[in-house]
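Novice: The structure that follows is given in the form of structure tokens.
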Amino acid sequence: MFAQAPILGSLIEPTGGDLGDYWRLGNIEPLLSKLLAKVRRGEPEMAMDAIAARGMVDAATILSRRYTLQATNVPFLGRGKQTSALSDFIGRVYEEAKADLATAMIARMRKLASECGSIAIVSPQNWYVLDGYRTFRKQLLEEGSLHVVCDLGPAAFRDMNWWAARTALSVFSNVKPESTQLSLSITLKEHKDTDEKEALARAGNFNLIPQREQRDNPDSRIVAERLSSNDYLVRHCRSRQGIKTGDDARYRRNIWEFQNWGELWRKFQSSPDSTAPFGGCSDIV
């Protein structure tokens, strides 16, 4: 069970079999303590094996309990950067949360939560909005009650601060939401100073957003600011491609077609046609 512990950590679920519940593990622990004491007195060379067994039982006991409150800064690692063992396990066990280790950990914490248990996490903010987390969001909003949504923005940590890492603080409980469920929501993404973020969060200038509105947002996106349906960009335009002109034949030319570009033309970087040391920089728009 613990052969992959260095890779999977607390994602391990010690369920099933003779050690599959907390009470059985609790009964084994005192026996191991007595065995360890005897081994130390009589056969010191076997003590390490007994200590290892005791450690595994302790870990299994912790991972089999159900918790009233869990609060942590979850680890995060995109699926593309995970080892095959980790990504395969997450894809198999946490299919809806497989896009990132952070969401897999949130899914694991939901399993560790007792009935009505609460979870408070700091995590990357991207799972609030990106399409790859849509199923995960829908499931959470349908099955759990969302209490706090705080978009911390970048530079939310006093130490190990990366400006590009946008983070969020979320609090929710393991109980099906009422139709009147509200969440306290605030965005601090425009503020870069950690002390300022903390002061504003403590000031409590929150928006109250019904959870049903979060669930009914396009792709069930979770937002910290209340939006009206008129704010959706999809109501005003459509994007049929990525970073494109929308009409290359009309707007796009090669740089050698004009001797002087003047004020009308601008450089346009695009994808190269094939792998090359230098490419994709021969057009103007």
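Residues are referred to by chain and number: the chain letter is A, B, ... according to the order shown in the structure tokens, the number counts from 1 in that chain, and ligands are numbered separately from 1 in the order shown.
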Quick one: DSSP helix (DSSP H, G or I) residues in region 99-141 of chain A, as a PyMOL selection string?
Specialist: chain A and resi 101-112+125-128+131-141
Novice: Quick one: residues within 12 Å of Gln181 (chain A), only C-alpha atoms, excluding same-chain residues fewer than 5 positions away - as a PyMOL selection string?
Specialist: chain A and resi 141-142+144-148+172-173+175-176+208-215
Novice: Could the residues in this selection be written to a file with C-alpha atoms, as a JSON list (two decimals), in the first residue's frame?
Specialist:
```json
[["chain", "number", "residue", "atom", "x", "y", "z"],
["A", 141, "LEU", "CA", -20.90, 23.37, -6.43],
["A", 142, "GLU", "CA", -23.60, 20.70, -6.60],
["A", 144, "GLY", "CA", -20.64, 21.05, -1.35],
["A", 145, "SER", "CA", -21.45, 24.40, 0.23],
["A", 146, "LEU", "CA", -19.14, 27.24, -0.78],
["A", 147, "HIS", "CA", -18.54, 29.74, 2.04],
["A", 148, "VAL", "CA", -15.57, 31.91, 1.03],
["A", 172, "PHE", "CA", -16.33, 25.10, 1.68],
["A", 173, "SER", "CA", -18.04, 22.35, 3.62],
["A", 175, "VAL", "CA", -22.72, 19.33, 2.89],
["A", 176, "LYS", "CA", -25.21, 19.72, 0.05],
["A", 208, "LEU", "CA", -22.46, 38.10, -1.05],
["A", 209, "ILE", "CA", -22.94, 35.83, -4.05],
["A", 210, "PRO", "CA", -25.58, 33.08, -4.13],
["A", 211, "GLN", "CA", -24.05, 29.70, -4.86],
["A", 212, "ARG", "CA", -26.73, 28.98, -7.43],
["A", 213, "GLU", "CA", -25.39, 31.94, -9.46],
["A", 214, "GLN", "CA", -21.89, 30.47, -9.37],
["A", 215, "ARG", "CA", -23.31, 27.15, -10.52]]
```
Novice: Mind giving me the straight-line distance from CA of Leu169 (chain A) to CA of Gln125 (chain A) in Å, one decimal?
Specialist: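 Interatomic distance, CA of Leu169 (chain A) to CA of Gln125 (chain A): 8.3 Å.
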Novice: When you draw a straight line from CA of Ser183 (chain A) to CA of Leu233 (chain A), how long is it in Å?
Specialist: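 For CA of Ser183 (chain A) relative to CA of Leu233 (chain A), the distance reads 24.3 Å.
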Novice: What is the CA of Arg134 (chain A) to CA of Leu63 (chain A) distance in Å?
Specialist: 27.6 Å
Novice: Got a sec: who's within 12 Å of region 74-82 of chain A, counting only C-alpha atoms, leaving out chain neighbours fewer than 4 positions off, as a PyMOL selection string?
Specialist: chain A and resi 7-11+70+86-91+95+97-109+119-127+132+165-170
Novice: I need the residues of region 102-184 of chain A that end up classed as strand (DSSP E) by DSSP on the backbone, written out as a ChimeraX atom specification.
Specialist: /A:113-124,145-153,167-173,182-184
Novice: Within 9 Å of Ala201 (chain A), counting only C-alpha atoms, which residues qualify if same-chain residues fewer than 6 places away don't, as a PyMOL selection string?
Specialist: chain A and resi 150+186-188
Novice: Find the residues around Ser282 (chain A) up to 8 Å (only C-alpha atoms counted), leave out those fewer than 5 positions away in its own chain, and share them as an MDAnalysis selection string.
Specialist: chainID A and resid 254:255 268:269
